[in-house]
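*Asks:* Just dropping this structure here.
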Amino acid sequence: MNIKNIILLLILALFLVSCKPTTPINNQTTNKTIDLCSELPNCRDLTGDAKLKCCYDYATFNADVPLCEHVGEYRDDCYSVTAIKTLNPGLCQRAGSNQDLCYKLLADKMNNPELCGFMLYESNHSCFSQTAVKIADANFCPMAGNLTSACFYGVAVKKNNYYMCENCGEFIDSCYANIAYATNNSALCAKAGKLNASCHSYFNLTG
């Protein structure tokens, strides 16, 4: 073998050494999601469902939103509970199977019937009706579907507004009678239909 061939072999050997693949610096951080639950002192020594439940309890108690992604089957509950605790409707979108309940509970807690409109899977009629009555705002009653009449009735009685009774459907008689009692206005008994007699009797007794 001549000197020229020896030099070529040395160059080739040096090239192969320089191309040797390097070992990952931290295989754990590149191939494995960091287990945030293991960083919690009260949870790190637990395993399985007990660990997830511990992590869930911590996340909901402290309103730790990022931690909700690490609680396994408790994820939906975690997001909905945290949304309600922090009054953050945006978190309801992450609450999966609890999304509609999340919006419904927040609508009630925040006195905001508009949140009922974000419900996708369940009927939002009761949400609109209950929240509208709670804040005494009849503008949302037409959105209450088959509960529209009940919604108008609830708002009318709450506000003692007998003008709304005409929108109360099957509750119209009760609407006039109850407002008559509440406002001590016996003249409304004449509009109480089938409750006319009992309405007048009430005022005769209370004189």
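Residues in the structure tokens are named by chain (A, B, ... in the order shown) and by number from 1 within that chain; ligands are numbered from 1 in the order shown.
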Need to verify the contact set: Phe128 (chain A), 10 Å, only C-alpha atoms, exclusion of same-chain residues closer than 5 positions in sequence. Can you return it as a list in words?

*Replies:*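 So, after excluding close chain neighbours, the residues are Lys104, Ala107, Asp108, Asn112, Pro113, Glu114, Leu115, Cys116, Gly117, Ser123, Val133, Lys134, Ala138, Phe140, Cys141, Pro142, Met143, Ala144, Gly145, Leu147, Thr148 and Cys151 of chain A.
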
*Asks:* Write down as a ChimeraX atom specification the residues of chain A whose backbone DSSP state falls under helix (DSSP H, G or I).

*Replies:* /A:3-18,27-31,36-39,48-62,66-70,72-86,89-94,96-109,113-118,125-134,138-159,162-167,169-183,186-191,193-206

*Asks:* Please compute the CA of Asn146 (chain A)-CA of Gly169 (chain A) distance, one decimal, in Å.

*Replies:*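 Between CA of Asn146 (chain A) and CA of Gly169 (chain A) the gap is 10.8 Å.
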
*Asks:* Could you produce a table of the residues of region 113-195 of chain A lying within 10 Å of region 202-207 of chain A, with the nearest pair of atoms per residue and their separation in Å rounded to one decimal, using only C-alpha atoms, ordered by chain and increasing residue number, as CSV?

*Replies:*
residue,atom,partner,partner_atom,distance
A:Ala177,CA,A:Tyr202,CA,9.9
A:Ala180,CA,A:Phe203,CA,9.4
A:Tyr181,CA,A:Tyr202,CA,8.1
A:Asn184,CA,A:Phe203,CA,8.2
A:Asn185,CA,A:Phe203,CA,9.0
A:Ser186,CA,A:Phe203,CA,6.7
A:Cys189,CA,A:Phe203,CA,9.4

*Asks:* Would you list the contacts of Ala136 (chain A) as a VMD selection string, taking every protein, DNA or RNA residue within 12 Å and counting only C-alpha atoms, but skipping same-chain residues closer than 5 positions in sequence?

*Replies:* chain A and resid 111 to 113 128 to 131 141 151 to 161 164

*Asks:* Any chance you could export the current selection's C-alpha atoms as a tab-separated table (two decimals), in the first residue's frame?

*Replies:*
chain	number	residue	atom	x	y	z
A	111	ASN	CA	-76.75	36.36	35.80
A	112	ASN	CA	-76.01	36.23	32.08
A	113	PRO	CA	-78.65	34.47	29.92
A	128	PHE	CA	-82.89	30.86	29.28
A	129	SER	CA	-86.09	30.64	31.33
A	130	GLN	CA	-84.45	30.27	34.74
A	131	THR	CA	-81.85	32.96	34.15
A	141	CYS	CA	-88.16	34.64	27.32
A	151	CYS	CA	-90.69	32.49	31.67
A	152	PHE	CA	-93.01	35.46	31.06
A	153	TYR	CA	-95.10	34.41	34.05
A	154	GLY	CA	-92.06	34.27	36.32
A	155	VAL	CA	-90.83	37.69	35.22
A	156	ALA	CA	-94.30	39.26	35.40
A	157	VAL	CA	-94.91	38.05	38.95
A	158	LYS	CA	-91.44	38.99	40.06
A	159	LYS	CA	-91.87	42.53	38.74
A	160	ASN	CA	-95.58	42.73	39.58
A	161	ASN	CA	-96.11	43.78	36.00
A	164	MET	CA	-96.93	40.92	30.83
